[in-house]
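Engineer: Contents of upload-v6.pdb (PDB, C-alpha atoms, pLDDT in the B column):
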```
ATOM      1  CA  MET A   1       0.000   0.000   0.000  1.00 36.00           C
ATOM      2  CA  PRO A   2       1.539   3.370  -0.963  1.00 35.00           C
ATOM      3  CA  LYS A   3       2.680   5.497   1.931  1.00 35.00           C
ATOM      4  CA  PHE A   4       0.010   8.162   1.603  1.00 32.00           C
ATOM      5  CA  SER A   5      -2.913   5.773   2.112  1.00 35.00           C
ATOM      6  CA  SER A   6      -2.783   6.236   5.875  1.00 36.00           C
ATOM      7  CA  ALA A   7      -2.733  10.001   5.397  1.00 36.00           C
ATOM      8  CA  LEU A   8      -5.850   9.724   3.302  1.00 37.00           C
ATOM      9  CA  MET A   9      -7.641   7.766   6.013  1.00 38.00           C
ATOM     10  CA  VAL A  10      -6.653  10.388   8.580  1.00 35.00           C
ATOM     11  CA  SER A  11      -7.956  13.104   6.266  1.00 37.00           C
ATOM     12  CA  ILE A  12     -11.283  11.333   5.931  1.00 38.00           C
ATOM     13  CA  ALA A  13     -11.544  10.927   9.697  1.00 39.00           C
ATOM     14  CA  ILE A  14     -10.913  14.646  10.108  1.00 36.00           C
ATOM     15  CA  VAL A  15     -13.531  15.577   7.535  1.00 41.00           C
ATOM     16  CA  VAL A  16     -16.054  13.407   9.353  1.00 40.00           C
ATOM     17  CA  SER A  17     -15.133  14.821  12.735  1.00 37.00           C
ATOM     18  CA  VAL A  18     -15.524  18.475  11.726  1.00 37.00           C
ATOM     19  CA  GLY A  19     -19.153  17.956  10.778  1.00 41.00           C
ATOM     20  CA  ALA A  20     -21.539  18.352  13.656  1.00 38.00           C
ATOM     21  CA  ALA A  21     -23.785  17.274  10.823  1.00 38.00           C
ATOM     22  CA  GLN A  22     -22.377  13.774  10.933  1.00 40.00           C
ATOM     23  CA  ALA A  23     -23.309  13.471  14.585  1.00 41.00           C
ATOM     24  CA  GLN A  24     -26.807  14.670  13.742  1.00 38.00           C
ATOM     25  CA  LEU A  25     -27.324  12.336  10.795  1.00 39.00           C
ATOM     26  CA  PHE A  26     -25.517   9.217  11.925  1.00 40.00           C
ATOM     27  CA  GLY A  27     -25.777   9.500  15.699  1.00 42.00           C
ATOM     28  CA  PRO A  28     -23.225  10.453  18.366  1.00 44.00           C
ATOM     29  CA  ARG A  29     -19.821   8.833  18.377  1.00 43.00           C
ATOM     30  CA  PRO A  30     -17.490   8.662  21.362  1.00 45.00           C
ATOM     31  CA  GLU A  31     -14.794  11.180  20.486  1.00 47.00           C
ATOM     32  CA  PRO A  32     -12.256  12.514  22.989  1.00 45.00           C
ATOM     33  CA  ARG A  33     -11.908  15.701  20.962  1.00 50.00           C
ATOM     34  CA  THR A  34     -13.557  17.321  17.988  1.00 54.00           C
ATOM     35  CA  LEU A  35     -11.074  18.308  15.292  1.00 63.00           C
ATOM     36  CA  GLY A  36     -11.769  21.629  13.653  1.00 70.00           C
ATOM     37  CA  PRO A  37     -11.636  22.648   9.997  1.00 74.00           C
ATOM     38  CA  ASN A  38      -8.120  24.070  10.401  1.00 71.00           C
ATOM     39  CA  SER A  39      -6.877  20.651  11.543  1.00 66.00           C
ATOM     40  CA  MET A  40      -7.260  19.338   8.018  1.00 65.00           C
ATOM     41  CA  PRO A  41      -4.003  18.579   6.150  1.00 65.00           C
ATOM     42  CA  GLU A  42      -3.051  20.953   3.365  1.00 65.00           C
ATOM     43  CA  ASN A  43      -1.993  18.223   0.939  1.00 65.00           C
ATOM     44  CA  MET A  44      -5.200  16.273   0.516  1.00 70.00           C
ATOM     45  CA  ASP A  45      -5.209  15.122  -3.086  1.00 77.00           C
ATOM     46  CA  PRO A  46      -8.597  14.042  -4.474  1.00 78.00           C
ATOM     47  CA  ALA A  47      -6.722  11.587  -6.689  1.00 82.00           C
ATOM     48  CA  MET A  48      -6.002   9.558  -3.553  1.00 85.00           C
ATOM     49  CA  CYS A  49      -9.697   8.726  -3.416  1.00 88.00           C
ATOM     50  CA  ASP A  50      -9.248   6.413  -6.396  1.00 89.00           C
ATOM     51  CA  GLN A  51      -6.675   4.500  -4.404  1.00 87.00           C
ATOM     52  CA  LEU A  52      -8.992   4.291  -1.417  1.00 84.00           C
ATOM     53  CA  ALA A  53     -11.827   2.960  -3.569  1.00 87.00           C
ATOM     54  CA  SER A  54      -9.551   0.271  -5.020  1.00 87.00           C
ATOM     55  CA  MET A  55      -8.756  -1.180  -1.594  1.00 84.00           C
ATOM     56  CA  PRO A  56     -10.430  -4.472  -0.607  1.00 80.00           C
ATOM     57  CA  ASN A  57     -13.607  -3.739   1.337  1.00 79.00           C
ATOM     58  CA  ALA A  58     -13.233  -0.017   0.619  1.00 83.00           C
ATOM     59  CA  PRO A  59     -15.227   2.023   3.162  1.00 82.00           C
ATOM     60  CA  MET A  60     -16.646   4.295   0.476  1.00 86.00           C
ATOM     61  CA  SER A  61     -16.568   5.090  -3.228  1.00 90.00           C
ATOM     62  CA  ALA A  62     -14.096   7.479  -4.827  1.00 91.00           C
ATOM     63  CA  GLU A  63     -16.957   9.904  -5.505  1.00 92.00           C
ATOM     64  CA  ALA A  64     -18.011   9.918  -1.847  1.00 90.00           C
ATOM     65  CA  CYS A  65     -14.407  10.402  -0.746  1.00 89.00           C
ATOM     66  CA  ARG A  66     -13.945  13.385  -3.077  1.00 90.00           C
ATOM     67  CA  SER A  67     -17.240  14.854  -1.900  1.00 90.00           C
ATOM     68  CA  MET A  68     -16.098  14.590   1.715  1.00 87.00           C
ATOM     69  CA  MET A  69     -12.824  16.283   0.809  1.00 87.00           C
ATOM     70  CA  GLY A  70     -14.808  19.030  -0.892  1.00 88.00           C
ATOM     71  CA  MET A  71     -16.883  19.567   2.228  1.00 87.00           C
ATOM     72  CA  GLY A  72     -13.715  19.658   4.306  1.00 86.00           C
ATOM     73  CA  LYS A  73     -12.248  22.287   1.994  1.00 88.00           C
ATOM     74  CA  SER A  74     -15.410  24.377   2.296  1.00 89.00           C
ATOM     75  CA  MET A  75     -15.243  24.092   6.088  1.00 88.00           C
ATOM     76  CA  LYS A  76     -11.600  25.183   6.131  1.00 89.00           C
ATOM     77  CA  GLU A  77     -12.225  28.128   3.819  1.00 91.00           C
ATOM     78  CA  GLY A  78     -15.285  29.162   5.810  1.00 90.00           C
ATOM     79  CA  ALA A  79     -13.440  28.986   9.130  1.00 90.00           C
ATOM     80  CA  ASN A  80     -10.778  31.362   7.756  1.00 92.00           C
ATOM     81  CA  ASP A  81     -13.177  33.717   5.968  1.00 93.00           C
ATOM     82  CA  PRO A  82     -12.779  37.226   7.488  1.00 94.00           C
ATOM     83  CA  ASN A  83     -16.511  37.792   6.997  1.00 92.00           C
ATOM     84  CA  ALA A  84     -17.234  34.831   9.306  1.00 93.00           C
ATOM     85  CA  ARG A  85     -15.361  36.355  12.237  1.00 94.00           C
ATOM     86  CA  ARG A  86     -16.977  38.459  14.934  1.00 93.00           C
ATOM     87  CA  ALA A  87     -15.518  40.655  17.638  1.00 94.00           C
ATOM     88  CA  GLY A  88     -15.360  38.707  20.873  1.00 94.00           C
ATOM     89  CA  ASP A  89     -15.213  35.267  19.245  1.00 94.00           C
ATOM     90  CA  GLU A  90     -12.213  34.207  21.296  1.00 93.00           C
ATOM     91  CA  SER A  91     -13.953  34.997  24.583  1.00 95.00           C
ATOM     92  CA  MET A  92     -17.150  33.081  23.800  1.00 95.00           C
ATOM     93  CA  THR A  93     -18.024  30.191  26.095  1.00 95.00           C
ATOM     94  CA  CYS A  94     -18.935  26.755  24.775  1.00 92.00           C
ATOM     95  CA  GLU A  95     -22.569  27.415  25.659  1.00 93.00           C
ATOM     96  CA  GLN A  96     -22.534  30.666  23.680  1.00 94.00           C
ATOM     97  CA  ILE A  97     -20.871  29.068  20.652  1.00 91.00           C
ATOM     98  CA  ILE A  98     -23.296  26.146  20.568  1.00 88.00           C
ATOM     99  CA  GLY A  99     -26.221  28.474  21.188  1.00 90.00           C
ATOM    100  CA  GLU A 100     -25.299  30.611  18.176  1.00 90.00           C
ATOM    101  CA  MET A 101     -24.762  27.509  16.050  1.00 85.00           C
ATOM    102  CA  GLN A 102     -28.216  26.236  16.975  1.00 82.00           C
ATOM    103  CA  ALA A 103     -29.815  29.594  16.194  1.00 84.00           C
ATOM    104  CA  SER A 104     -27.819  30.427  13.078  1.00 75.00           C
ATOM    105  CA  GLY A 105     -29.713  28.310  10.593  1.00 66.00           C
ATOM    106  CA  SER A 106     -26.591  26.158  10.114  1.00 64.00           C
ATOM    107  CA  PRO A 107     -25.789  24.233   6.935  1.00 67.00           C
ATOM    108  CA  MET A 108     -28.893  22.409   5.840  1.00 72.00           C
ATOM    109  CA  VAL A 109     -29.674  19.413   3.688  1.00 81.00           C
ATOM    110  CA  SER A 110     -32.898  18.544   1.998  1.00 85.00           C
ATOM    111  CA  GLN A 111     -35.441  16.301   3.665  1.00 84.00           C
ATOM    112  CA  THR A 112     -34.845  13.732   0.936  1.00 89.00           C
ATOM    113  CA  THR A 113     -31.111  13.667   1.607  1.00 88.00           C
ATOM    114  CA  SER A 114     -31.634  13.562   5.366  1.00 85.00           C
ATOM    115  CA  THR A 115     -33.906  10.539   4.978  1.00 87.00           C
ATOM    116  CA  GLN A 116     -31.428   8.926   2.590  1.00 89.00           C
ATOM    117  CA  ALA A 117     -28.630   9.354   5.133  1.00 87.00           C
ATOM    118  CA  ARG A 118     -30.681   7.929   7.979  1.00 88.00           C
ATOM    119  CA  THR A 119     -31.729   4.934   5.876  1.00 91.00           C
ATOM    120  CA  ALA A 120     -28.112   4.258   4.919  1.00 90.00           C
ATOM    121  CA  ALA A 121     -26.983   4.547   8.539  1.00 87.00           C
ATOM    122  CA  ASP A 122     -29.675   2.120   9.684  1.00 90.00           C
ATOM    123  CA  ALA A 123     -28.733  -0.344   6.937  1.00 92.00           C
ATOM    124  CA  SER A 124     -25.047  -0.120   7.900  1.00 89.00           C
ATOM    125  CA  LEU A 125     -25.832  -0.752  11.559  1.00 90.00           C
ATOM    126  CA  ALA A 126     -28.071  -3.709  10.724  1.00 92.00           C
ATOM    127  CA  LEU A 127     -25.372  -5.180   8.479  1.00 92.00           C
ATOM    128  CA  MET A 128     -22.718  -4.783  11.163  1.00 91.00           C
ATOM    129  CA  GLU A 129     -24.863  -6.502  13.785  1.00 93.00           C
ATOM    130  CA  LYS A 130     -25.789  -9.323  11.388  1.00 92.00           C
ATOM    131  CA  GLN A 131     -22.231  -9.947  10.240  1.00 91.00           C
ATOM    132  CA  ASN A 132     -20.838  -9.800  13.767  1.00 91.00           C
ATOM    133  CA  ALA A 133     -23.320 -12.471  14.842  1.00 93.00           C
ATOM    134  CA  GLU A 134     -22.488 -14.607  11.802  1.00 92.00           C
ATOM    135  CA  ALA A 135     -18.754 -14.246  12.452  1.00 90.00           C
ATOM    136  CA  LYS A 136     -19.099 -15.318  16.085  1.00 91.00           C
ATOM    137  CA  ALA A 137     -21.111 -18.406  15.092  1.00 91.00           C
ATOM    138  CA  PHE A 138     -18.651 -19.274  12.318  1.00 87.00           C
ATOM    139  CA  MET A 139     -15.640 -18.926  14.610  1.00 87.00           C
ATOM    140  CA  ALA A 140     -17.265 -21.124  17.248  1.00 88.00           C
ATOM    141  CA  GLN A 141     -17.922 -23.787  14.627  1.00 82.00           C
ATOM    142  CA  GLN A 142     -14.369 -23.544  13.277  1.00 77.00           C
ATOM    143  CA  MET A 143     -12.925 -23.815  16.765  1.00 82.00           C
ATOM    144  CA  ALA A 144     -14.946 -26.935  17.546  1.00 77.00           C
ATOM    145  CA  VAL A 145     -13.888 -28.597  14.309  1.00 72.00           C
ATOM    146  CA  GLY A 146     -10.292 -27.531  14.874  1.00 73.00           C
ATOM    147  CA  ILE A 147     -10.244 -29.127  18.315  1.00 72.00           C
ATOM    148  CA  GLY A 148     -11.589 -32.335  16.814  1.00 64.00           C
ATOM    149  CA  ALA A 149      -9.004 -32.289  14.044  1.00 64.00           C
ATOM    150  CA  GLY A 150      -6.241 -31.731  16.583  1.00 69.00           C
ATOM    151  CA  ALA A 151      -7.367 -34.725  18.579  1.00 63.00           C
ATOM    152  CA  LEU A 152      -7.652 -36.820  15.425  1.00 59.00           C
ATOM    153  CA  SER A 153      -4.083 -35.967  14.405  1.00 66.00           C
ATOM    154  CA  MET A 154      -2.824 -37.618  17.594  1.00 68.00           C
ATOM    155  CA  VAL A 155      -4.397 -40.935  16.674  1.00 63.00           C
ATOM    156  CA  PRO A 156      -2.137 -43.289  14.670  1.00 66.00           C
ATOM    157  CA  GLY A 157      -3.002 -42.835  10.996  1.00 66.00           C
ATOM    158  CA  GLY A 158      -5.220 -39.858  11.701  1.00 67.00           C
ATOM    159  CA  GLY A 159      -2.839 -37.222  10.393  1.00 69.00           C
ATOM    160  CA  ILE A 160      -4.054 -37.382   6.792  1.00 69.00           C
ATOM    161  CA  ALA A 161      -7.690 -37.037   7.838  1.00 68.00           C
ATOM    162  CA  ALA A 162      -6.830 -34.155  10.152  1.00 69.00           C
ATOM    163  CA  SER A 163      -4.979 -32.380   7.333  1.00 77.00           C
ATOM    164  CA  ALA A 164      -8.000 -32.775   5.063  1.00 73.00           C
ATOM    165  CA  ILE A 165     -10.246 -31.293   7.741  1.00 71.00           C
ATOM    166  CA  MET A 166      -7.932 -28.304   8.194  1.00 74.00           C
ATOM    167  CA  ALA A 167      -7.805 -27.724   4.440  1.00 79.00           C
ATOM    168  CA  GLY A 168     -11.592 -27.823   4.361  1.00 81.00           C
ATOM    169  CA  GLN A 169     -11.722 -25.255   7.167  1.00 77.00           C
ATOM    170  CA  GLN A 170      -9.464 -22.917   5.214  1.00 83.00           C
ATOM    171  CA  ALA A 171     -11.732 -23.160   2.181  1.00 86.00           C
ATOM    172  CA  GLN A 172     -14.781 -22.510   4.358  1.00 86.00           C
ATOM    173  CA  ALA A 173     -13.112 -19.425   5.841  1.00 86.00           C
ATOM    174  CA  GLN A 174     -12.391 -18.051   2.377  1.00 88.00           C
ATOM    175  CA  ASN A 175     -15.979 -18.694   1.271  1.00 90.00           C
ATOM    176  CA  PHE A 176     -17.316 -17.072   4.436  1.00 87.00           C
ATOM    177  CA  ALA A 177     -15.205 -13.953   3.895  1.00 88.00           C
ATOM    178  CA  ALA A 178     -16.323 -13.737   0.261  1.00 90.00           C
ATOM    179  CA  LYS A 179     -19.984 -14.042   1.291  1.00 91.00           C
ATOM    180  CA  GLN A 180     -19.687 -11.303   3.899  1.00 89.00           C
ATOM    181  CA  GLN A 181     -17.986  -9.027   1.384  1.00 88.00           C
ATOM    182  CA  ALA A 182     -20.726  -9.675  -1.177  1.00 91.00           C
ATOM    183  CA  ASP A 183     -23.437  -9.016   1.414  1.00 91.00           C
ATOM    184  CA  ALA A 184     -21.773  -5.738   2.391  1.00 90.00           C
ATOM    185  CA  ALA A 185     -21.336  -4.413  -1.158  1.00 90.00           C
ATOM    186  CA  PRO A 186     -24.868  -3.025  -1.696  1.00 93.00           C
ATOM    187  CA  VAL A 187     -24.938  -1.471   1.785  1.00 91.00           C
ATOM    188  CA  ARG A 188     -21.593   0.228   1.225  1.00 90.00           C
ATOM    189  CA  ALA A 189     -22.830   1.530  -2.115  1.00 92.00           C
ATOM    190  CA  GLN A 190     -25.931   2.900  -0.371  1.00 92.00           C
ATOM    191  CA  GLN A 191     -23.760   4.551   2.267  1.00 89.00           C
ATOM    192  CA  SER A 192     -21.463   6.082  -0.356  1.00 91.00           C
ATOM    193  CA  GLU A 193     -24.440   7.589  -2.168  1.00 92.00           C
ATOM    194  CA  ALA A 194     -25.692   9.089   1.090  1.00 90.00           C
ATOM    195  CA  ILE A 195     -22.259  10.528   1.944  1.00 89.00           C
ATOM    196  CA  THR A 196     -22.012  12.099  -1.500  1.00 91.00           C
ATOM    197  CA  ALA A 197     -25.464  13.647  -1.215  1.00 91.00           C
ATOM    198  CA  VAL A 198     -25.006  14.986   2.323  1.00 88.00           C
ATOM    199  CA  THR A 199     -21.524  16.413   1.867  1.00 88.00           C
ATOM    200  CA  GLY A 200     -22.397  17.905  -1.511  1.00 90.00           C
ATOM    201  CA  GLU A 201     -25.364  19.825  -0.118  1.00 89.00           C
ATOM    202  CA  MET A 202     -23.438  20.842   2.995  1.00 87.00           C
ATOM    203  CA  SER A 203     -20.573  22.214   0.922  1.00 89.00           C
ATOM    204  CA  GLN A 204     -22.982  24.527  -0.859  1.00 89.00           C
ATOM    205  CA  SER A 205     -24.616  25.580   2.416  1.00 88.00           C
ATOM    206  CA  ILE A 206     -21.291  26.261   4.138  1.00 88.00           C
ATOM    207  CA  GLN A 207     -20.223  28.468   1.244  1.00 89.00           C
ATOM    208  CA  SER A 208     -23.303  30.614   1.847  1.00 89.00           C
ATOM    209  CA  ASN A 209     -22.923  30.465   5.643  1.00 89.00           C
ATOM    210  CA  PRO A 210     -19.195  30.448   6.503  1.00 92.00           C
ATOM    211  CA  ARG A 211     -20.037  31.445  10.068  1.00 91.00           C
ATOM    212  CA  PHE A 212     -20.985  27.836  10.742  1.00 89.00           C
ATOM    213  CA  ALA A 213     -17.453  26.722   9.865  1.00 89.00           C
ATOM    214  CA  ARG A 214     -16.001  29.449  12.094  1.00 92.00           C
ATOM    215  CA  LEU A 215     -18.163  28.244  14.993  1.00 90.00           C
ATOM    216  CA  SER A 216     -17.064  24.679  14.326  1.00 87.00           C
ATOM    217  CA  GLN A 217     -13.441  25.803  14.599  1.00 89.00           C
ATOM    218  CA  LEU A 218     -14.161  27.596  17.872  1.00 91.00           C
ATOM    219  CA  ILE A 219     -15.741  24.419  19.239  1.00 89.00           C
ATOM    220  CA  ALA A 220     -12.553  22.523  18.378  1.00 87.00           C
ATOM    221  CA  ASP A 221     -10.245  25.224  19.745  1.00 89.00           C
ATOM    222  CA  LYS A 222     -12.075  25.299  23.076  1.00 90.00           C
ATOM    223  CA  ASN A 223     -12.570  21.519  23.192  1.00 88.00           C
ATOM    224  CA  CYS A 224     -16.312  21.981  23.568  1.00 87.00           C
ATOM    225  CA  PRO A 225     -18.651  18.995  23.440  1.00 82.00           C
ATOM    226  CA  THR A 226     -19.907  18.279  19.946  1.00 71.00           C
ATOM    227  CA  PRO A 227     -23.457  19.662  19.671  1.00 65.00           C
ATOM    228  CA  GLN A 228     -25.814  16.846  18.769  1.00 58.00           C
ATOM    229  CA  ASP A 229     -28.750  19.064  17.781  1.00 51.00           C
ATOM    230  CA  ALA A 230     -26.894  21.495  15.534  1.00 51.00           C
ATOM    231  CA  GLY A 231     -25.314  21.114  12.156  1.00 49.00           C
ATOM    232  CA  VAL A 232     -27.951  19.665   9.902  1.00 52.00           C
ATOM    233  CA  ARG A 233     -31.556  20.626   9.665  1.00 55.00           C
ATOM    234  CA  ALA A 234     -33.612  19.110   6.932  1.00 53.00           C
ATOM    235  CA  ARG A 235     -35.355  21.630   4.741  1.00 58.00           C
TER
END
```
Could you write out this structure as structure tokens?
Structural biologist:
Amino acid sequence: MPKFSSALMVSIAIVVSVGAAQAQLFGPRPEPRTLGPNSMPENMDPAMCDQLASMPNAPMSAEACRSMMGMGKSMKEGANDPNARRAGDESMTCEQIIGEMQASGSPMVSQTTSTQARTAADASLALMEKQNAEAKAFMAQQMAVGIGAGALSMVPGGGIAASAIMAGQQAQAQNFAAKQQADAAPVRAQQSEAITAVTGEMSQSIQSNPRFARLSQLIADKNCPTPQDAGVRAR
């Protein structure tokens, strides 16, 4: 894997973290600190999204990745826009910052996109729970068979049979992994479409309301709790 793949993943994590919108659409996440727009790396290259999308079990499509980068760029530009700054910003308390964010109108997405995002999030959660349960059951089965094969290998003449069992287990594991990947493909596509829609609309809204990005940066600078009821309001 080329050396900048990890940088790309960090960039994506930062873009997600700067959006109070993500917390609103996809639910709260335990985060020790919210990273602001100005925490984003300067060298994010949209071409890296093609590399991300080519990875096995890619978390999102190249289009969704580029859309997230675009939203991150809009957030960074908005946070540094002189027109988004107000006298007394640095002395604002967390309560005041969040209060203004809640009252400001904030970046908004359409009701259709909001519903699309929620549906994708629910599908992703359901898939994760289903596949975790399947993996636990499969591992328990594999362990039981493995114990039996180990015991069989200790019996005179049982080594060949034990080897055949182990080979069969390896094939089963490969088939299981392929099935889980195939099951996840449509859900990941659904999630990528939702990410593209949400971040695309938010980018446009942030450009018309850079104050939201400035407030997001203040929240990060002061280590305020991420507001769960600000960021995205369906219109």
Engineer: Kindly provide the residues of stretch 48-122 of chain A that approach stretch 203-227 of chain A to within 12 Å, each paired with its closest atom pair and their distance in Å to one decimal, based on all atoms listed in the file, listed by chain and increasing number, as a tab-separated table.
Structural biologist:
```
residue	atom	partner	partner_atom	distance
A:Arg66	CA	A:Ser203	CA	11.7
A:Ser67	CA	A:Ser203	CA	8.6
A:Met68	CA	A:Ser203	CA	8.9
A:Met69	CA	A:Ser203	CA	9.8
A:Gly70	CA	A:Ser203	CA	6.8
A:Met71	CA	A:Ser203	CA	4.7
A:Gly72	CA	A:Ser203	CA	8.1
A:Lys73	CA	A:Ser203	CA	8.4
A:Ser74	CA	A:Ser203	CA	5.8
A:Met75	CA	A:Ala213	CA	5.1
A:Lys76	CA	A:Ala213	CA	7.1
A:Glu77	CA	A:Pro210	CA	7.8
A:Gly78	CA	A:Pro210	CA	4.2
A:Ala79	CA	A:Arg214	CA	3.9
A:Asn80	CA	A:Arg214	CA	7.1
A:Asp81	CA	A:Pro210	CA	6.9
A:Pro82	CA	A:Pro210	CA	9.4
A:Asn83	CA	A:Pro210	CA	7.8
A:Ala84	CA	A:Arg211	CA	4.5
A:Arg85	CA	A:Arg214	CA	6.9
A:Arg86	CA	A:Arg211	CA	9.1
A:Gly88	CA	A:Leu218	CA	11.6
A:Asp89	CA	A:Leu218	CA	7.9
A:Glu90	CA	A:Leu218	CA	7.7
A:Ser91	CA	A:Lys222	CA	10.0
A:Met92	CA	A:Leu218	CA	8.6
A:Thr93	CA	A:Lys222	CA	8.3
A:Cys94	CA	A:Cys224	CA	5.6
A:Glu95	CA	A:Cys224	CA	8.5
A:Gln96	CA	A:Leu215	CA	10.0
A:Ile97	CA	A:Leu215	CA	6.3
A:Ile98	CA	A:Pro227	CA	6.5
A:Gly99	CA	A:Pro227	CA	9.4
A:Glu100	CA	A:Leu215	CA	8.2
A:Met101	CA	A:Phe212	CA	6.5
A:Gln102	CA	A:Pro227	CA	8.6
A:Ala103	CA	A:Phe212	CA	10.5
A:Ser104	CA	A:Phe212	CA	7.7
A:Gly105	CA	A:Asn209	CA	8.7
A:Ser106	CA	A:Phe212	CA	5.9
A:Pro107	CA	A:Ser205	CA	4.9
A:Met108	CA	A:Ser205	CA	6.3
A:Val109	CA	A:Ser205	CA	8.1
A:Ser110	CA	A:Ser205	CA	10.9
```
Engineer: Please compute the atom CA of A:Pro37-atom CA of A:Gln191 distance, one decimal, in Å.
Structural biologist: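 Rounded to one decimal, the two atoms are 23.1 Å apart.
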Engineer: A:Ala64, A:Gly36, A:Ala135, A:Leu127: which is nearest A:Cys49, counting all atoms listed in the file?
Structural biologist: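 Of all the options, A:Ala64 lies closest to A:Cys49.
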Engineer: Closest to A:Ile195 among A:Gln180, A:Asn57, A:Gln142, A:Gln116, using all atoms listed in the file?
Structural biologist: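 For A:Ile195, the nearest of the given residues is A:Gln116.
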Engineer: Could you list, as an NGL selection string, every residue within 9 Å of A:Val187, counting only C-alpha atoms and ignoring same-chain residues fewer than 3 positions away?
Structural biologist: :A and (120 or 123-124 or 127 or 183-184 or 190-192)
Engineer: So the first atom is atom CA of A:Val198 and the second is atom CA of A:Thr112; what is the distance between them in Å, to one decimal place?
Structural biologist: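 The value is 10.0 Å.
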Engineer: Could you tell me, as a PyMOL selection string, exactly which residues end up selected when the PyMOL selection byres ((chain A and resi 169) around 12) is applied to this structure?
Structural biologist: chain A and resi 138-139+141-149+162-168+170-176
Engineer: So how many Å separate atom CA of A:Leu125 and atom CA of A:Gln51, to one decimal?
Structural biologist: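 We find that atom CA of A:Leu125 and atom CA of A:Gln51 lie 25.5 Å from each other.
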